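**Student:** mmCIF, C-alpha atoms, saved as work-v5.cif, coming up:
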data_protein
loop_
_atom_site.group_PDB
_atom_site.id
_atom_site.type_symbol
_atom_site.label_atom_id
_atom_site.label_comp_id
_atom_site.auth_asym_id
_atom_site.auth_seq_id
_atom_site.Cartn_x
_atom_site.Cartn_y
_atom_site.Cartn_z
ATOM 1 C CA MET A 1 0.000 0.000 0.000
ATOM 2 C CA ASN A 2 0.998 3.652 -0.400
ATOM 3 C CA THR A 3 2.247 4.999 2.941
ATOM 4 C CA THR A 4 4.101 8.116 1.863
ATOM 5 C CA GLY A 5 1.872 9.859 -0.671
ATOM 6 C CA PRO A 6 -1.643 11.214 -0.585
ATOM 7 C CA ALA A 7 -4.450 9.074 0.758
ATOM 8 C CA LEU A 8 -5.636 6.519 -1.771
ATOM 9 C CA THR A 9 -8.720 4.398 -1.932
ATOM 10 C CA VAL A 10 -8.184 0.669 -2.324
ATOM 11 C CA ASP A 11 -8.908 0.998 -6.045
ATOM 12 C CA GLY A 12 -6.164 3.631 -6.408
ATOM 13 C CA ARG A 13 -8.155 6.848 -6.555
ATOM 14 C CA ILE A 14 -6.493 9.888 -4.989
ATOM 15 C CA VAL A 15 -8.656 11.533 -2.356
ATOM 16 C CA GLY A 16 -8.452 14.824 -0.533
ATOM 17 C CA GLU A 17 -7.457 16.149 2.879
ATOM 18 C CA ARG A 18 -10.667 15.088 4.583
ATOM 19 C CA ALA A 19 -10.107 11.500 3.474
ATOM 20 C CA LEU A 20 -6.468 11.728 4.558
ATOM 21 C CA ALA A 21 -7.672 12.750 8.025
ATOM 22 C CA THR A 22 -10.043 9.780 8.090
ATOM 23 C CA ARG A 23 -7.261 7.395 7.093
ATOM 24 C CA GLN A 24 -5.104 8.839 9.882
ATOM 25 C CA ARG A 25 -7.894 8.416 12.456
ATOM 26 C CA LEU A 26 -8.160 4.763 11.484
ATOM 27 C CA ALA A 27 -4.388 4.280 11.847
ATOM 28 C CA ASP A 28 -4.416 6.050 15.231
ATOM 29 C CA ALA A 29 -7.315 3.873 16.354
ATOM 30 C CA LEU A 30 -5.372 0.731 15.503
ATOM 31 C CA ALA A 31 -2.279 2.011 17.331
ATOM 32 C CA HIS A 32 -4.406 2.744 20.414
ATOM 33 C CA LEU A 33 -6.065 -0.687 20.356
ATOM 34 C CA LEU A 34 -2.672 -2.405 20.156
ATOM 35 C CA SER A 35 -1.848 -1.031 23.610
ATOM 36 C CA SER A 36 -4.570 -3.189 25.172
ATOM 37 C CA HIS A 37 -5.348 -5.973 22.682
ATOM 38 C CA PRO A 38 -3.325 -8.600 20.812
ATOM 39 C CA PHE A 39 -3.205 -7.830 17.102
ATOM 40 C CA SER A 40 -4.973 -11.103 16.278
ATOM 41 C CA ASP A 41 -7.968 -10.093 18.426
ATOM 42 C CA ILE A 42 -8.549 -6.717 16.774
ATOM 43 C CA LYS A 43 -11.373 -6.539 14.255
ATOM 44 C CA VAL A 44 -12.172 -3.973 11.602
ATOM 45 C CA THR A 45 -15.326 -3.073 13.520
ATOM 46 C CA ASP A 46 -13.200 -2.291 16.603
ATOM 47 C CA ILE A 47 -10.955 0.047 14.606
ATOM 48 C CA ALA A 48 -13.861 1.774 12.886
ATOM 49 C CA ARG A 49 -15.733 2.259 16.147
ATOM 50 C CA ARG A 50 -12.655 3.728 17.838
ATOM 51 C CA ALA A 51 -12.113 6.068 14.863
ATOM 52 C CA GLY A 52 -15.739 7.175 14.835
ATOM 53 C CA THR A 53 -16.433 5.854 11.356
ATOM 54 C CA SER A 54 -17.746 2.712 9.665
ATOM 55 C CA PRO A 55 -16.176 -0.572 8.529
ATOM 56 C CA ALA A 56 -17.065 0.447 4.969
ATOM 57 C CA SER A 57 -14.931 3.543 5.419
ATOM 58 C CA PHE A 58 -12.032 1.381 6.664
ATOM 59 C CA TYR A 59 -12.176 -0.707 3.500
ATOM 60 C CA GLN A 60 -11.954 2.410 1.363
ATOM 61 C CA TYR A 61 -8.345 2.852 2.503
ATOM 62 C CA PHE A 62 -7.163 -0.591 3.610
ATOM 63 C CA SER A 63 -7.719 -4.072 2.235
ATOM 64 C CA THR A 64 -6.708 -5.705 5.535
ATOM 65 C CA ILE A 65 -5.781 -4.753 9.076
ATOM 66 C CA GLU A 66 -2.173 -5.598 8.123
ATOM 67 C CA ASP A 67 -2.347 -2.767 5.578
ATOM 68 C CA ALA A 68 -3.390 -0.371 8.340
ATOM 69 C CA LEU A 69 -0.544 -1.706 10.490
ATOM 70 C CA GLN A 70 1.861 -0.901 7.660
ATOM 71 C CA LEU A 71 0.820 2.746 7.828
ATOM 72 C CA VAL A 72 1.232 2.796 11.609
ATOM 73 C CA ALA A 73 4.643 1.134 11.274
ATOM 74 C CA HIS A 74 5.747 3.619 8.631
ATOM 75 C CA GLN A 75 4.893 6.490 10.969
ATOM 76 C CA VAL A 76 6.954 4.900 13.752
ATOM 77 C CA ILE A 77 9.867 4.639 11.304
ATOM 78 C CA GLN A 78 9.536 8.338 10.517
ATOM 79 C CA GLU A 79 9.752 9.140 14.228
ATOM 80 C CA SER A 80 12.789 6.882 14.633
ATOM 81 C CA GLY A 81 14.883 9.653 13.091
ATOM 82 C CA GLN A 82 15.259 10.997 16.617
ATOM 83 C CA LEU A 83 17.396 7.947 17.427
ATOM 84 C CA THR A 84 20.021 8.825 14.831
ATOM 85 C CA SER A 85 21.078 12.133 16.373
ATOM 86 C CA ASP A 86 24.352 12.240 18.262
ATOM 87 C CA PRO A 87 24.233 15.356 20.509
ATOM 88 C CA ALA A 88 26.559 13.851 23.091
ATOM 89 C CA ALA A 89 29.499 13.789 20.685
ATOM 90 C CA ALA A 90 28.854 17.367 19.619
ATOM 91 C CA GLU A 91 28.776 18.544 23.205
ATOM 92 C CA GLY A 92 32.084 16.816 23.936
ATOM 93 C CA CYS A 93 30.850 14.939 27.000
ATOM 94 C CA GLY A 94 32.593 11.825 28.269
ATOM 95 C CA PRO A 95 31.976 8.399 26.740
ATOM 96 C CA LEU A 96 29.981 7.094 29.718
ATOM 97 C CA THR A 97 27.638 10.090 29.680
ATOM 98 C CA ALA A 98 27.299 9.810 25.905
ATOM 99 C CA ALA A 99 26.454 6.107 26.183
ATOM 100 C CA ARG A 100 23.835 6.790 28.846
ATOM 101 C CA GLN A 101 22.235 9.448 26.617
ATOM 102 C CA VAL A 102 22.033 6.991 23.733
ATOM 103 C CA ILE A 103 20.457 4.381 25.992
ATOM 104 C CA ASP A 104 17.936 6.793 27.511
ATOM 105 C CA ARG A 105 16.872 7.980 24.069
ATOM 106 C CA LEU A 106 16.536 4.428 22.747
ATOM 107 C CA PHE A 107 14.619 3.178 25.782
ATOM 108 C CA GLY A 108 12.302 6.190 25.706
ATOM 109 C CA PHE A 109 11.473 5.647 22.039
ATOM 110 C CA TRP A 110 11.036 1.871 22.391
ATOM 111 C CA GLN A 111 8.697 2.247 25.351
ATOM 112 C CA ALA A 112 6.666 5.054 23.754
ATOM 113 C CA HIS A 113 5.973 2.742 20.809
ATOM 114 C CA GLN A 114 6.172 -0.594 22.594
ATOM 115 C CA ALA A 115 2.752 -1.900 21.520
ATOM 116 C CA VAL A 116 3.397 -1.203 17.845
ATOM 117 C CA ILE A 117 6.996 -2.474 17.982
ATOM 118 C CA ARG A 118 5.862 -5.657 19.727
ATOM 119 C CA THR A 119 3.369 -6.246 16.901
ATOM 120 C CA ILE A 120 5.985 -5.497 14.233
ATOM 121 C CA ASP A 121 8.301 -8.032 15.911
ATOM 122 C CA ALA A 122 5.560 -10.672 15.924
ATOM 123 C CA LYS A 123 4.687 -10.128 12.265
ATOM 124 C CA ALA A 124 8.379 -10.198 11.319
ATOM 125 C CA ALA A 125 8.824 -13.449 13.264
ATOM 126 C CA GLU A 126 5.984 -14.919 11.191
ATOM 127 C CA GLY A 127 8.044 -14.168 8.088
ATOM 128 C CA ASP A 128 5.999 -11.261 6.753
ATOM 129 C CA VAL A 129 8.615 -9.512 4.611
ATOM 130 C CA ARG A 130 6.869 -6.148 4.927
ATOM 131 C CA PHE A 131 7.458 -6.115 8.656
ATOM 132 C CA VAL A 132 10.900 -7.724 8.456
ATOM 133 C CA GLU A 133 11.863 -4.634 6.464
ATOM 134 C CA VAL A 134 10.257 -2.321 9.020
ATOM 135 C CA ARG A 135 12.064 -4.106 11.856
ATOM 136 C CA ASN A 136 15.378 -3.767 10.019
ATOM 137 C CA GLN A 137 14.799 -0.044 9.504
ATOM 138 C CA LEU A 138 14.118 0.447 13.213
ATOM 139 C CA LEU A 139 17.248 -1.479 14.184
ATOM 140 C CA SER A 140 19.272 0.528 11.669
ATOM 141 C CA ALA A 141 18.075 3.784 13.227
ATOM 142 C CA ALA A 142 18.923 2.487 16.708
ATOM 143 C CA GLY A 143 22.377 1.441 15.525
ATOM 144 C CA THR A 144 23.375 4.716 13.856
ATOM 145 C CA PRO A 145 24.806 6.419 16.990
ATOM 146 C CA LEU A 146 26.614 3.189 17.874
ATOM 147 C CA ASP A 147 28.156 3.071 14.402
ATOM 148 C CA ARG A 148 29.427 6.608 14.944
ATOM 149 C CA ALA A 149 30.829 5.735 18.358
ATOM 150 C CA VAL A 150 32.697 2.725 16.976
ATOM 151 C CA ALA A 151 34.034 4.828 14.095
ATOM 152 C CA ARG A 152 35.283 7.512 16.518
ATOM 153 C CA GLN A 153 37.029 4.896 18.601
ATOM 154 C CA GLY A 154 38.890 3.602 15.579
ATOM 155 C CA PRO A 155 39.920 -0.017 14.976
ATOM 156 C CA SER A 156 41.991 -1.726 17.601
ATOM 157 C CA ALA A 157 45.182 -3.414 16.406
ATOM 158 C CA ARG A 158 44.022 -6.622 18.069
ATOM 159 C CA SER A 159 40.413 -6.442 16.951
ATOM 160 C CA THR A 160 38.938 -9.144 14.744
ATOM 161 C CA THR A 161 35.343 -7.913 15.122
ATOM 162 C CA ARG A 162 33.758 -6.108 12.192
ATOM 163 C CA SER A 163 32.171 -2.843 13.305
ATOM 164 C CA LYS A 164 28.777 -3.710 11.776
ATOM 165 C CA VAL A 165 28.735 -7.034 13.618
ATOM 166 C CA LEU A 166 29.489 -5.273 16.899
ATOM 167 C CA THR A 167 26.785 -2.683 16.263
ATOM 168 C CA GLY A 168 24.279 -5.425 15.460
ATOM 169 C CA ALA A 169 25.090 -7.299 18.658
ATOM 170 C CA LEU A 170 24.801 -4.154 20.785
ATOM 171 C CA VAL A 171 21.527 -3.084 19.167
ATOM 172 C CA THR A 172 20.073 -6.537 19.783
ATOM 173 C CA LEU A 173 21.091 -6.329 23.432
ATOM 174 C CA LEU A 174 19.780 -2.792 23.965
ATOM 175 C CA THR A 175 16.443 -3.235 22.191
ATOM 176 C CA SER A 176 15.798 -6.461 24.094
ATOM 177 C CA ALA A 177 16.590 -4.711 27.366
ATOM 178 C CA ALA A 178 14.347 -1.784 26.385
ATOM 179 C CA THR A 179 11.495 -4.190 25.632
ATOM 180 C CA HIS A 180 11.835 -5.963 28.967
ATOM 181 C CA GLU A 181 13.069 -3.175 31.230
ATOM 182 C CA SER A 182 10.260 -3.603 33.771
ATOM 183 C CA GLY A 183 11.247 -7.239 34.206
ATOM 184 C CA PHE A 184 14.687 -6.234 35.476
ATOM 185 C CA GLU A 185 13.252 -4.709 38.666
ATOM 186 C CA ALA A 186 14.090 -7.889 40.584
ATOM 187 C CA TRP A 187 17.802 -7.171 40.005
ATOM 188 C CA GLY A 188 17.946 -3.418 40.415
ATOM 189 C CA THR A 189 16.492 -0.017 39.613
ATOM 190 C CA ARG A 190 15.975 1.463 36.167
ATOM 191 C CA ASP A 191 18.978 3.746 36.633
ATOM 192 C CA GLU A 192 21.181 0.859 37.748
ATOM 193 C CA LEU A 193 20.207 -1.140 34.680
ATOM 194 C CA ARG A 194 20.855 1.754 32.293
ATOM 195 C CA ASP A 195 24.153 2.671 33.977
ATOM 196 C CA CYS A 196 25.275 -0.956 33.731
ATOM 197 C CA LEU A 197 24.379 -1.037 30.030
ATOM 198 C CA ALA A 198 26.206 2.259 29.461
ATOM 199 C CA SER A 199 29.354 0.835 31.052
ATOM 200 C CA LEU A 200 29.038 -2.327 28.967
ATOM 201 C CA LEU A 201 28.552 -0.245 25.826
ATOM 202 C CA VAL A 202 31.697 1.814 26.470
ATOM 203 C CA THR A 203 33.745 -1.304 27.265
ATOM 204 C CA CYS A 204 32.625 -3.094 24.098
ATOM 205 C CA ILE A 205 33.291 -0.095 21.872
ATOM 206 C CA LYS A 206 36.738 0.486 23.374
ATOM 207 C CA ALA A 207 37.580 -3.189 22.826
ATOM 208 C CA ALA A 208 36.489 -3.089 19.186
#
What do you get writing this file as structure tokens?
**Tutor:**
Amino acid sequence: MNTTGPALTVDGRIVGERALATRQRLADALAHLLSSHPFSDIKVTDIARRAGTSPASFYQYFSTIEDALQLVAHQVIQESGQLTSDPAAAEGCGPLTAARQVIDRLFGFWQAHQAVIRTIDAKAAEGDVRFVEVRNQLLSAAGTPLDRAVARQGPSARSTTRSKVLTGALVTLLTSAATHESGFEAWGTRDELRDCLASLLVTCIKAA
């Protein structure tokens, strides 16, 4: 489906701003429902009711609920641009402070969009290539500041680890921790967890 251009009906007709607003209400309704319902339990009637419109209106813009999820996912990708900034390096702060800033920003984004990201992960795990691509784009955005940090550190003479492999491993660790942060309460506070991850991040990058 078209996620970047003007709103389109299912049969490809371009529609105006009012229809674009309706399409957005439907996408927002789905995003809201994901915070309290499994994706598989959500029906078109639920989305339409939440958006204040009809199922017939839903089918003007989306063939399936997966199509609506694609639009929601695309909007999350657009917001993921905030993860690629690297203010810590520009400000010249120390590596530990910079690492903690990266972690706080990543965790904040992941938790703000946790319901949608959880659904994207599930659809990707099912092998849906549309959401595999979305997942990869999110991980790429999360890895950008880590790529920069590794590049600033420079290659170690003893290193045999490719920088992209290291970034991938660190992103996997951090996004998993962000997804399950509340479950770490048995071992320590949120700050203790994030400080520990920041220290680990700095150590890994220095060893690269």
**Student:** Given only C-alpha atoms as the basis, pick out the residue of A:Thr167, A:Gln111, A:Thr22, A:Thr179 nearest to A:Gln60.
**Tutor:**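 The closest residue to A:Gln60 is A:Thr22.
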**Student:** Suppose you want the space between atom CA of A:Leu138 and atom CA of A:Gly81; what is it in Å?
**Tutor:** 9.2 Å
**Student:** Distance atom CA of A:Glu79-atom CA of A:Ile103, one decimal place?
**Tutor:** 16.6 Å
**Student:** Please write the residues picked by the PyMOL selection byres ((chain A and resi 150) around 10) on this file as a PyMOL selection string.
**Tutor:** chain A and resi 145-149+151-155+163-164+166-167+202+204-208
**Student:** Suppose you want the space between atom CA of A:Leu173 and atom CA of A:Leu34; what is it in Å?
**Tutor:**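 So the two atoms, atom CA of A:Leu173 and atom CA of A:Leu34, lie 24.3 Å apart.
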**Student:** With distances taken over only C-alpha atoms, which of A:Arg100, A:Arg135, A:Arg130, A:His37 is nearest to A:Ser199?
**Tutor:**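 Closest residue, counting only C-alpha atoms: A:Arg100.
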**Student:** Apply the PyMOL selection byres ((chain A and resi 27-32) around 8) to the structure shown and report the selected residues as a PyMOL selection string.
**Tutor:** chain A and resi 23-26+33-36+47-48+50-51+68-69+71-72+115-116
**Student:** Put those residues in a file: C-alpha atoms, as a tab-separated table (two decimals), keeping the file's coordinate frame.
**Tutor:**
chain	number	residue	atom	x	y	z
A	23	ARG	CA	-7.26	7.40	7.09
A	24	GLN	CA	-5.10	8.84	9.88
A	25	ARG	CA	-7.89	8.42	12.46
A	26	LEU	CA	-8.16	4.76	11.48
A	33	LEU	CA	-6.06	-0.69	20.36
A	34	LEU	CA	-2.67	-2.40	20.16
A	35	SER	CA	-1.85	-1.03	23.61
A	36	SER	CA	-4.57	-3.19	25.17
A	47	ILE	CA	-10.96	0.05	14.61
A	48	ALA	CA	-13.86	1.77	12.89
A	50	ARG	CA	-12.66	3.73	17.84
A	51	ALA	CA	-12.11	6.07	14.86
A	68	ALA	CA	-3.39	-0.37	8.34
A	69	LEU	CA	-0.54	-1.71	10.49
A	71	LEU	CA	0.82	2.75	7.83
A	72	VAL	CA	1.23	2.80	11.61
A	115	ALA	CA	2.75	-1.90	21.52
A	116	VAL	CA	3.40	-1.20	17.84
**Student:** Counting only C-alpha atoms, figure out which residue out of A:Glu192, A:Ala178, A:Ala125, A:Glu133 gets nearest to A:His113.
**Tutor:** A:Ala178
**Student:** Might you pull out every residue within 12 Å of A:Ala122, with only C-alpha atoms counted and same-chain residues fewer than 3 positions away left off, and present them as a VMD selection string?
**Tutor:** chain A and resid 38 to 40 115 to 119 125 to 132 134 to 135
**Student:** Skip A:Ala99 itself and residues of its chain fewer than 3 positions away, then list as a list in words all residues within 7 Å of it, counting all atoms listed in the file.
**Tutor:**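 The filter keeps Pro95, Leu96, Val102, Ile103, Ala198, Leu201 and Val202 of chain A.
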**Student:** Could you please give me, as an mmCIF file with C-alpha atoms, keeping the file's coordinate frame, the residues of protein, DNA or RNA lying at most 12 Å from (-16.6, -3.9, 4.5) in the coordinate frame of the file, considering all atoms listed in the file?
**Tutor:**
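Produced file out-v3.cif, reproduced below:
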data_model
loop_
_atom_site.group_PDB
_atom_site.id
_atom_site.type_symbol
_atom_site.label_atom_id
_atom_site.label_comp_id
_atom_site.auth_asym_id
_atom_site.auth_seq_id
_atom_site.Cartn_x
_atom_site.Cartn_y
_atom_site.Cartn_z
ATOM 1 C CA VAL A 10 -8.184 0.669 -2.324
ATOM 2 C CA LYS A 43 -11.373 -6.539 14.255
ATOM 3 C CA VAL A 44 -12.172 -3.973 11.602
ATOM 4 C CA THR A 45 -15.326 -3.073 13.520
ATOM 5 C CA ALA A 48 -13.861 1.774 12.886
ATOM 6 C CA THR A 53 -16.433 5.854 11.356
ATOM 7 C CA SER A 54 -17.746 2.712 9.665
ATOM 8 C CA PRO A 55 -16.176 -0.572 8.529
ATOM 9 C CA ALA A 56 -17.065 0.447 4.969
ATOM 10 C CA SER A 57 -14.931 3.543 5.419
ATOM 11 C CA PHE A 58 -12.032 1.381 6.664
ATOM 12 C CA TYR A 59 -12.176 -0.707 3.500
ATOM 13 C CA GLN A 60 -11.954 2.410 1.363
ATOM 14 C CA TYR A 61 -8.345 2.852 2.503
ATOM 15 C CA PHE A 62 -7.163 -0.591 3.610
ATOM 16 C CA SER A 63 -7.719 -4.072 2.235
ATOM 17 C CA THR A 64 -6.708 -5.705 5.535
ATOM 18 C CA ILE A 65 -5.781 -4.753 9.076
#
**Student:** Please return, as an NGL selection string, all polymer residues that have at least one atom within 12 Å of the point (11.0, 6.4, 26.4); use only C-alpha atoms and the file's own coordinate frame.
**Tutor:** :A and (80 or 82-83 or 101-114 or 175 or 178-179 or 181)
**Student:** What would the file look like if the residues just selected were written as a compact mmCIF listing (two decimals), in the coordinates of the input with C-alpha atoms?
**Tutor:**
# COMPACT_ATOMS: atom_id res chain seq x y z
CA SER A 80 12.79 6.88 14.63
CA GLN A 82 15.26 11.00 16.62
CA LEU A 83 17.40 7.95 17.43
CA GLN A 101 22.24 9.45 26.62
CA VAL A 102 22.03 6.99 23.73
CA ILE A 103 20.46 4.38 25.99
CA ASP A 104 17.94 6.79 27.51
CA ARG A 105 16.87 7.98 24.07
CA LEU A 106 16.54 4.43 22.75
CA PHE A 107 14.62 3.18 25.78
CA GLY A 108 12.30 6.19 25.71
CA PHE A 109 11.47 5.65 22.04
CA TRP A 110 11.04 1.87 22.39
CA GLN A 111 8.70 2.25 25.35
CA ALA A 112 6.67 5.05 23.75
CA HIS A 113 5.97 2.74 20.81
CA GLN A 114 6.17 -0.59 22.59
CA THR A 175 16.44 -3.24 22.19
CA ALA A 178 14.35 -1.78 26.38
CA THR A 179 11.50 -4.19 25.63
CA GLU A 181 13.07 -3.18 31.23
**Student:** Of the candidates A:Ala21, A:Asp195, A:Ala142, A:Ala124, which one gets nearest to A:Leu170 if we count only C-alpha atoms?
**Tutor:**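 Answer, going by the shortest atom-to-atom distance: A:Ala142.
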